[in-house]
2 protein chains.
Amino acid sequence: MMRNKQYDIKPEELSFNDCCTLLSNQYYGRLGMSLNNQPYVVPMSYVYSDGIIYLHSCRDGKKIKIIENNPQICFEVDFLDNNNWASVLTYGKIKLNNNVEAKQRMFDAFNNKGIQGHGGKRYKRKEVKRMDFVIWEMEIQEITGRKGVW
Amino acid sequence: MMRNKQYDIKPEELSFNDCCTLLSNQYYGRLGMSLNNQPYVVPMSYVYSDGIIYLHSCRDGKKIKIIENNPQICFEVDFLDNNNWASVLTYGKIKLNNNVEAKQRMFDAFNNKGIQGHGGKRYKRKEVKRMDFVIWEMEIQEITGRKGVW
């Protein structure tokens with residue numbers, strides 16, 4: 001915003017490493033989808049591991065219908081405070097799976113991150129198999145990041 | 001997320017009033033755009049007043065080019081903590097203006113909200129006229145909201 005006349009300060013590009021650090025440090029992002037050029041944005045929890053963004057959802061609903069029509073997405077992750085902002089945009093195609101292997105890949109990513117509470121528990125394979133949700137996996141095709149002051 | 005097995009709790013719809021309250025209480029949102037069905041999402045500060053979302057940006061850049069091609073957007077505002085989430089989606093078409101009247105409307109919206117620091121200063125008309133940015137105005141055509149637990 002306009003505080004301290006900082007509105008004329010240009011944003012800076014983030015390096016690839018800074019983009020990955022921000023992705024690794026955050027827990028929530030905003031998923032941008034599009035159907036017939038109508039954008040749709042929802043907040044989702046995620047985990048990032050080795051070039052892959054993992055999301056999950058229930059098996060039906062508006063976002064599943066959109067992804068089945070157009071898997072190309074933009075997943076945005078940011079860090080905002082009153083003075084500064086940093087934002088990373090990742091692009092790619094979503095693959096939906098509800099098999100036990102996909103669920104296990106997501107749990108492994110959570111476990112690798114050492115997240116407590118948020119899926120950090122080591123579930124048994126039969127527990128994972130029973131869980132009734134869909135895994136969203138996106139191999140990042142393009143990543144960009146910027147930071148600036150409000 | 002999967003804590004306390006709450007992943008099987010369905011989200012609830014927010015009432016219209018709850019949607020407007022969330023819009024009024026927050027300062028940042030995520031703007032979803034689309035060009036040739038490629039989604040694009042950026043965080044933006046905003047102010048909501050009387051059915052209008054006001055944003056602003058510099059005069060050129062990727063998001064301006066996209067909006068000039070496709071003004072239909074989804075502006076998402078949320079409140080997230082470790083346990084709960086609430087999210088409001090607004091839809092409409094962006095109108096871009098850089099005349100002094102549009103700038104004044106945005107400043108009036110900030111002033112009406114009583115925001116300190118973030119544009120809350122009462123600028124003189126000649127100061128507003130000189131400010132080199134574009135005002136984005138969206139009359140909300142559709143609004144929906146949901147809340148849930150991670």
# chains A, B, ... in the order shown; residues from 1 in each chain; ligands from 1
call {"tool": "interface_residues", "arguments": {"of": "chain B", "to": "chain A", "cutoff": "8 Å", "atoms": "only C-alpha atoms", "output": "PyMOL selection string"}}
result
chain B and resi 1-3+30-43+45+70+72-76+78+87+89+117-119+150
call {"tool": "write_last_selection", "arguments": {"atoms": "C-alpha atoms", "output": "PDB file, in the first residue's frame"}}
result
ATOM      1  CA  MET B   1      -5.219 -31.918   7.113  1.00  0.00           C
ATOM      2  CA  MET B   2      -5.528 -35.179   8.900  1.00  0.00           C
ATOM      3  CA  ARG B   3      -5.199 -34.165  12.518  1.00  0.00           C
ATOM      4  CA  ARG B  30      -5.531 -13.571  -3.889  1.00  0.00           C
ATOM      5  CA  LEU B  31      -6.573 -12.528  -7.342  1.00  0.00           C
ATOM      6  CA  GLY B  32      -7.250 -15.368  -9.764  1.00  0.00           C
ATOM      7  CA  MET B  33      -7.074 -14.563 -13.469  1.00  0.00           C
ATOM      8  CA  SER B  34      -6.995 -16.693 -16.584  1.00  0.00           C
ATOM      9  CA  LEU B  35      -5.573 -16.305 -20.052  1.00  0.00           C
ATOM     10  CA  ASN B  36      -6.260 -19.050 -22.599  1.00  0.00           C
ATOM     11  CA  ASN B  37      -7.289 -21.257 -19.675  1.00  0.00           C
ATOM     12  CA  GLN B  38      -3.899 -20.840 -17.981  1.00  0.00           C
ATOM     13  CA  PRO B  39      -4.647 -19.698 -14.401  1.00  0.00           C
ATOM     14  CA  TYR B  40      -2.589 -16.965 -12.740  1.00  0.00           C
ATOM     15  CA  VAL B  41      -2.814 -16.032  -9.044  1.00  0.00           C
ATOM     16  CA  VAL B  42      -1.251 -13.098  -7.222  1.00  0.00           C
ATOM     17  CA  PRO B  43      -1.627 -11.757  -3.694  1.00  0.00           C
ATOM     18  CA  SER B  45      -4.015  -5.778  -0.894  1.00  0.00           C
ATOM     19  CA  ASN B  70     -10.006 -11.318 -19.857  1.00  0.00           C
ATOM     20  CA  GLN B  72     -13.417 -11.946 -15.510  1.00  0.00           C
ATOM     21  CA  ILE B  73     -11.740 -12.788 -12.212  1.00  0.00           C
ATOM     22  CA  CYS B  74     -12.078 -14.659  -8.946  1.00  0.00           C
ATOM     23  CA  PHE B  75     -10.898 -12.757  -5.882  1.00  0.00           C
ATOM     24  CA  GLU B  76     -10.321 -15.000  -2.889  1.00  0.00           C
ATOM     25  CA  ASP B  78      -9.490 -16.129   3.591  1.00  0.00           C
ATOM     26  CA  SER B  87     -12.703 -18.552   2.618  1.00  0.00           C
ATOM     27  CA  LEU B  89     -14.800 -16.187  -3.241  1.00  0.00           C
ATOM     28  CA  GLY B 117      -1.103   3.659   7.576  1.00  0.00           C
ATOM     29  CA  HIS B 118      -2.535   1.731   4.652  1.00  0.00           C
ATOM     30  CA  GLY B 119      -3.658   4.642   2.558  1.00  0.00           C
ATOM     31  CA  TRP B 150      -8.057 -28.715   8.259  1.00  0.00           C
TER      32      TRP B 150
END
call {"tool": "select_by_dssp", "arguments": {"residues": "region 10-146 of chain A", "states": "alpha helix (DSSP H)", "output": "PyMOL selection string"}}
result
chain A and resi 16-25+62-69+100-113+125-130
call {"tool": "residues_around", "arguments": {"residues": "region 111-114 of chain A", "least_positions_apart": "6", "cutoff": "12 Å", "atoms": "only C-alpha atoms", "output": "list in words"}}
result
Leu23, Ser24, Asn25, Gln26, Tyr27, Tyr46, Val47, Tyr48, Ser49, Asp50, Gln104, Arg105, Gly120, Lys121, Arg122 and Tyr123 of chain A
call {"tool": "atom_distance", "arguments": {"atom1": "CA of Leu14 (chain B)", "atom2": "CA of Phe110 (chain B)"}}
result
25.1 Å
call {"tool": "residues_around", "arguments": {"residues": "Ile52 (chain A)", "least_positions_apart": "4", "cutoff": "7 Å", "atoms": "only C-alpha atoms", "output": "MDAnalysis selection string"}}
result
chainID A and resid 48 137:140
call {"tool": "write_last_selection", "arguments": {"atoms": "N, CA and C atoms", "output": "mmCIF file, in the first residue's frame"}}
result
data_model
loop_
_atom_site.group_PDB
_atom_site.id
_atom_site.type_symbol
_atom_site.label_atom_id
_atom_site.label_comp_id
_atom_site.auth_asym_id
_atom_site.auth_seq_id
_atom_site.Cartn_x
_atom_site.Cartn_y
_atom_site.Cartn_z
ATOM 1 N N TYR A 48 5.478 -29.746 -0.109
ATOM 2 C CA TYR A 48 6.387 -29.694 -1.261
ATOM 3 C C TYR A 48 7.548 -30.630 -1.001
ATOM 4 N N GLU A 137 -1.198 -34.500 -7.352
ATOM 5 C CA GLU A 137 0.258 -34.357 -7.483
ATOM 6 C C GLU A 137 0.575 -33.466 -8.672
ATOM 7 N N MET A 138 1.433 -32.509 -8.448
ATOM 8 C CA MET A 138 1.851 -31.650 -9.550
ATOM 9 C C MET A 138 3.364 -31.585 -9.630
ATOM 10 N N GLU A 139 3.893 -32.057 -10.733
ATOM 11 C CA GLU A 139 5.314 -31.854 -11.010
ATOM 12 C C GLU A 139 5.467 -30.414 -11.479
ATOM 13 N N ILE A 140 6.300 -29.641 -10.799
ATOM 14 C CA ILE A 140 6.418 -28.220 -11.123
ATOM 15 C C ILE A 140 7.117 -28.053 -12.472
#
call {"tool": "select_by_dssp", "arguments": {"residues": "region 2-117 of chain B", "states": "strand (DSSP E)", "output": "PyMOL selection string"}}
result
chain B and resi 12-13+28-35+38-45+47-49+52-57+72-80+84-97
call {"tool": "atom_distance", "arguments": {"atom1": "CA of Arg146 (chain B)", "atom2": "CA of Leu22 (chain B)"}}
result
10.9 Å
call {"tool": "atom_distance", "arguments": {"atom1": "CA of Glu142 (chain A)", "atom2": "CA of Cys20 (chain A)"}}
result
11.9 Å
call {"tool": "residues_around", "arguments": {"residues": "Trp136 (chain A)", "least_positions_apart": "4", "cutoff": "10 Å", "atoms": "only C-alpha atoms", "output": "number ranges by chain"}}
result
A: 46, 52-57, 64, 67, 93-98, 102-103, 106
call {"tool": "write_last_selection", "arguments": {"atoms": "N, CA, C and O atoms", "output": "tab-separated table (two decimals), in the first residue's frame"}}
result
chain	number	residue	atom	x	y	z
A	46	TYR	N	-0.75	-28.00	1.75
A	46	TYR	CA	0.07	-28.72	0.76
A	46	TYR	C	1.36	-29.15	1.43
A	46	TYR	O	1.69	-28.73	2.54
A	52	ILE	N	7.81	-31.71	-6.43
A	52	ILE	CA	6.39	-32.08	-6.50
A	52	ILE	C	5.60	-31.33	-5.42
A	52	ILE	O	6.05	-31.26	-4.27
A	53	ILE	N	4.45	-30.80	-5.82
A	53	ILE	CA	3.49	-30.26	-4.85
A	53	ILE	C	2.41	-31.32	-4.64
A	53	ILE	O	1.83	-31.83	-5.60
A	54	TYR	N	2.17	-31.67	-3.36
A	54	TYR	CA	1.12	-32.64	-3.01
A	54	TYR	C	-0.04	-31.90	-2.33
A	54	TYR	O	0.19	-31.15	-1.37
A	55	LEU	N	-1.23	-32.14	-2.85
A	55	LEU	CA	-2.45	-31.63	-2.23
A	55	LEU	C	-3.37	-32.82	-2.02
A	55	LEU	O	-3.11	-33.91	-2.55
A	56	HIS	N	-4.45	-32.62	-1.29
A	56	HIS	CA	-5.45	-33.69	-1.22
A	56	HIS	C	-6.82	-33.07	-1.01
A	56	HIS	O	-6.95	-31.93	-0.54
A	57	SER	N	-7.83	-33.82	-1.36
A	57	SER	CA	-9.21	-33.34	-1.23
A	57	SER	C	-10.15	-34.54	-1.15
A	57	SER	O	-9.72	-35.68	-1.33
A	64	ILE	N	-12.62	-30.68	-8.23
A	64	ILE	CA	-12.32	-31.93	-8.95
A	64	ILE	C	-12.89	-31.87	-10.38
A	64	ILE	O	-12.21	-32.23	-11.35
A	67	ILE	N	-10.65	-29.63	-12.48
A	67	ILE	CA	-9.35	-30.25	-12.80
A	67	ILE	C	-9.51	-31.35	-13.84
A	67	ILE	O	-8.64	-31.53	-14.71
A	93	LYS	N	0.66	-29.40	-14.33
A	93	LYS	CA	-0.60	-30.14	-14.53
A	93	LYS	C	-0.83	-31.06	-13.34
A	93	LYS	O	0.07	-31.78	-12.92
A	94	ILE	N	-2.06	-31.06	-12.85
A	94	ILE	CA	-2.42	-31.92	-11.73
A	94	ILE	C	-2.70	-33.34	-12.22
A	94	ILE	O	-3.40	-33.54	-13.22
A	95	LYS	N	-2.16	-34.32	-11.49
A	95	LYS	CA	-2.58	-35.71	-11.67
A	95	LYS	C	-3.34	-36.14	-10.43
A	95	LYS	O	-2.84	-36.01	-9.31
A	96	LEU	N	-4.55	-36.65	-10.63
A	96	LEU	CA	-5.39	-37.11	-9.51
A	96	LEU	C	-5.25	-38.63	-9.37
A	96	LEU	O	-5.27	-39.35	-10.36
A	97	ASN	N	-5.13	-39.08	-8.13
A	97	ASN	CA	-5.01	-40.51	-7.84
A	97	ASN	C	-5.63	-40.81	-6.50
A	97	ASN	O	-5.47	-40.02	-5.56
A	98	ASN	N	-6.31	-41.93	-6.38
A	98	ASN	CA	-6.69	-42.32	-5.02
A	98	ASN	C	-6.20	-43.72	-4.67
A	98	ASN	O	-6.72	-44.35	-3.76
A	102	ALA	N	-0.18	-43.46	-4.14
A	102	ALA	CA	-0.19	-41.99	-4.16
A	102	ALA	C	-0.36	-41.44	-2.74
A	102	ALA	O	0.33	-40.50	-2.33
A	103	LYS	N	-1.28	-42.07	-1.98
A	103	LYS	CA	-1.46	-41.63	-0.58
A	103	LYS	C	-0.15	-41.79	0.19
A	103	LYS	O	0.24	-40.91	0.96
A	106	MET	N	2.33	-39.03	-0.53
A	106	MET	CA	2.04	-37.79	0.18
A	106	MET	C	2.43	-37.90	1.65
A	106	MET	O	3.06	-36.99	2.21
call {"tool": "decode", "arguments": {"residues": "region 6-34 of chain A", "atoms": "N, CA, C and O atoms", "output": "CSV table (one decimal), in the first residue's frame"}}
result
chain,number,residue,atom,x,y,z
A,6,GLN,N,6.1,4.0,-0.4
A,6,GLN,CA,6.9,2.9,-0.9
A,6,GLN,C,6.2,2.2,-2.1
A,6,GLN,O,6.7,1.3,-2.7
A,7,TYR,N,5.1,2.8,-2.6
A,7,TYR,CA,4.4,2.2,-3.7
A,7,TYR,C,5.2,2.4,-5.0
A,7,TYR,O,4.8,1.7,-6.0
A,8,ASP,N,6.2,3.2,-5.0
A,8,ASP,CA,7.0,3.3,-6.2
A,8,ASP,C,8.2,2.4,-6.2
A,8,ASP,O,9.1,2.5,-7.1
A,9,ILE,N,8.4,1.6,-5.2
A,9,ILE,CA,9.5,0.6,-5.1
A,9,ILE,C,9.1,-0.6,-5.9
A,9,ILE,O,8.1,-1.2,-5.7
A,10,LYS,N,9.9,-1.0,-6.9
A,10,LYS,CA,9.6,-2.1,-7.7
A,10,LYS,C,9.9,-3.4,-7.0
A,10,LYS,O,10.9,-3.6,-6.2
A,11,PRO,N,9.1,-4.4,-7.2
A,11,PRO,CA,9.3,-5.8,-6.6
A,11,PRO,C,10.6,-6.4,-7.2
A,11,PRO,O,11.0,-6.0,-8.3
A,12,GLU,N,11.2,-7.2,-6.5
A,12,GLU,CA,12.4,-8.0,-6.9
A,12,GLU,C,12.1,-9.4,-7.2
A,12,GLU,O,11.3,-10.0,-6.5
A,13,GLU,N,12.8,-10.0,-8.2
A,13,GLU,CA,12.7,-11.4,-8.4
A,13,GLU,C,13.3,-12.2,-7.3
A,13,GLU,O,14.4,-11.9,-6.8
A,14,LEU,N,12.7,-13.4,-7.0
A,14,LEU,CA,13.3,-14.3,-6.0
A,14,LEU,C,14.2,-15.3,-6.8
A,14,LEU,O,13.8,-15.7,-7.9
A,15,SER,N,15.3,-15.7,-6.3
A,15,SER,CA,16.1,-16.8,-6.9
A,15,SER,C,15.4,-18.1,-6.8
A,15,SER,O,14.5,-18.3,-6.0
A,16,PHE,N,15.8,-19.1,-7.6
A,16,PHE,CA,15.2,-20.4,-7.5
A,16,PHE,C,15.3,-21.0,-6.1
A,16,PHE,O,14.4,-21.5,-5.6
A,17,ASN,N,16.5,-20.8,-5.5
A,17,ASN,CA,16.6,-21.3,-4.1
A,17,ASN,C,15.7,-20.7,-3.1
A,17,ASN,O,15.1,-21.3,-2.3
A,18,ASP,N,15.5,-19.3,-3.3
A,18,ASP,CA,14.6,-18.6,-2.4
A,18,ASP,C,13.2,-19.1,-2.6
A,18,ASP,O,12.4,-19.2,-1.7
A,19,CYS,N,12.8,-19.4,-3.9
A,19,CYS,CA,11.5,-19.9,-4.2
A,19,CYS,C,11.3,-21.2,-3.4
A,19,CYS,O,10.2,-21.4,-2.8
A,20,CYS,N,12.3,-22.1,-3.6
A,20,CYS,CA,12.1,-23.5,-2.9
A,20,CYS,C,12.1,-23.4,-1.4
A,20,CYS,O,11.3,-24.1,-0.8
A,21,THR,N,12.8,-22.4,-0.9
A,21,THR,CA,12.8,-22.2,0.6
A,21,THR,C,11.4,-21.8,1.0
A,21,THR,O,10.9,-22.3,2.0
A,22,LEU,N,10.9,-20.8,0.3
A,22,LEU,CA,9.5,-20.4,0.7
A,22,LEU,C,8.5,-21.5,0.6
A,22,LEU,O,7.7,-21.7,1.5
A,23,LEU,N,8.6,-22.3,-0.5
A,23,LEU,CA,7.7,-23.4,-0.7
A,23,LEU,C,7.8,-24.4,0.5
A,23,LEU,O,6.8,-25.0,0.9
A,24,SER,N,9.1,-24.6,0.9
A,24,SER,CA,9.3,-25.6,2.0
A,24,SER,C,8.8,-25.1,3.3
A,24,SER,O,8.5,-25.9,4.2
A,25,ASN,N,8.8,-23.8,3.5
A,25,ASN,CA,8.5,-23.3,4.8
A,25,ASN,C,7.0,-23.0,5.1
A,25,ASN,O,6.7,-22.8,6.3
A,26,GLN,N,6.2,-23.0,4.1
A,26,GLN,CA,4.8,-22.7,4.3
A,26,GLN,C,4.0,-24.0,4.3
A,26,GLN,O,4.4,-25.0,3.8
A,27,TYR,N,2.7,-23.8,4.8
A,27,TYR,CA,1.8,-24.9,4.9
A,27,TYR,C,0.6,-24.8,4.0
A,27,TYR,O,-0.1,-25.8,3.7
A,28,TYR,N,0.2,-23.6,3.7
A,28,TYR,CA,-1.0,-23.3,2.9
A,28,TYR,C,-0.6,-22.5,1.7
A,28,TYR,O,0.2,-21.7,1.7
A,29,GLY,N,-1.4,-22.8,0.6
A,29,GLY,CA,-1.2,-22.0,-0.6
A,29,GLY,C,-2.6,-21.8,-1.2
A,29,GLY,O,-3.6,-22.2,-0.7
A,30,ARG,N,-2.6,-21.1,-2.4
A,30,ARG,CA,-3.9,-20.9,-3.1
A,30,ARG,C,-3.8,-21.5,-4.5
A,30,ARG,O,-2.9,-21.1,-5.2
A,31,LEU,N,-4.7,-22.4,-4.7
A,31,LEU,CA,-4.8,-23.1,-6.0
A,31,LEU,C,-5.6,-22.3,-7.0
A,31,LEU,O,-6.8,-22.1,-6.7
A,32,GLY,N,-5.0,-21.9,-8.1
A,32,GLY,CA,-5.7,-21.3,-9.2
A,32,GLY,C,-6.0,-22.2,-10.3
A,32,GLY,O,-5.1,-22.9,-10.8
A,33,MET,N,-7.3,-22.3,-10.6
A,33,MET,CA,-7.8,-23.2,-11.7
A,33,MET,C,-8.6,-22.3,-12.7
A,33,MET,O,-8.9,-21.2,-12.4
A,34,SER,N,-8.9,-22.9,-13.8
A,34,SER,CA,-9.7,-22.2,-14.8
A,34,SER,C,-10.6,-23.1,-15.6
A,34,SER,O,-10.1,-24.2,-16.0
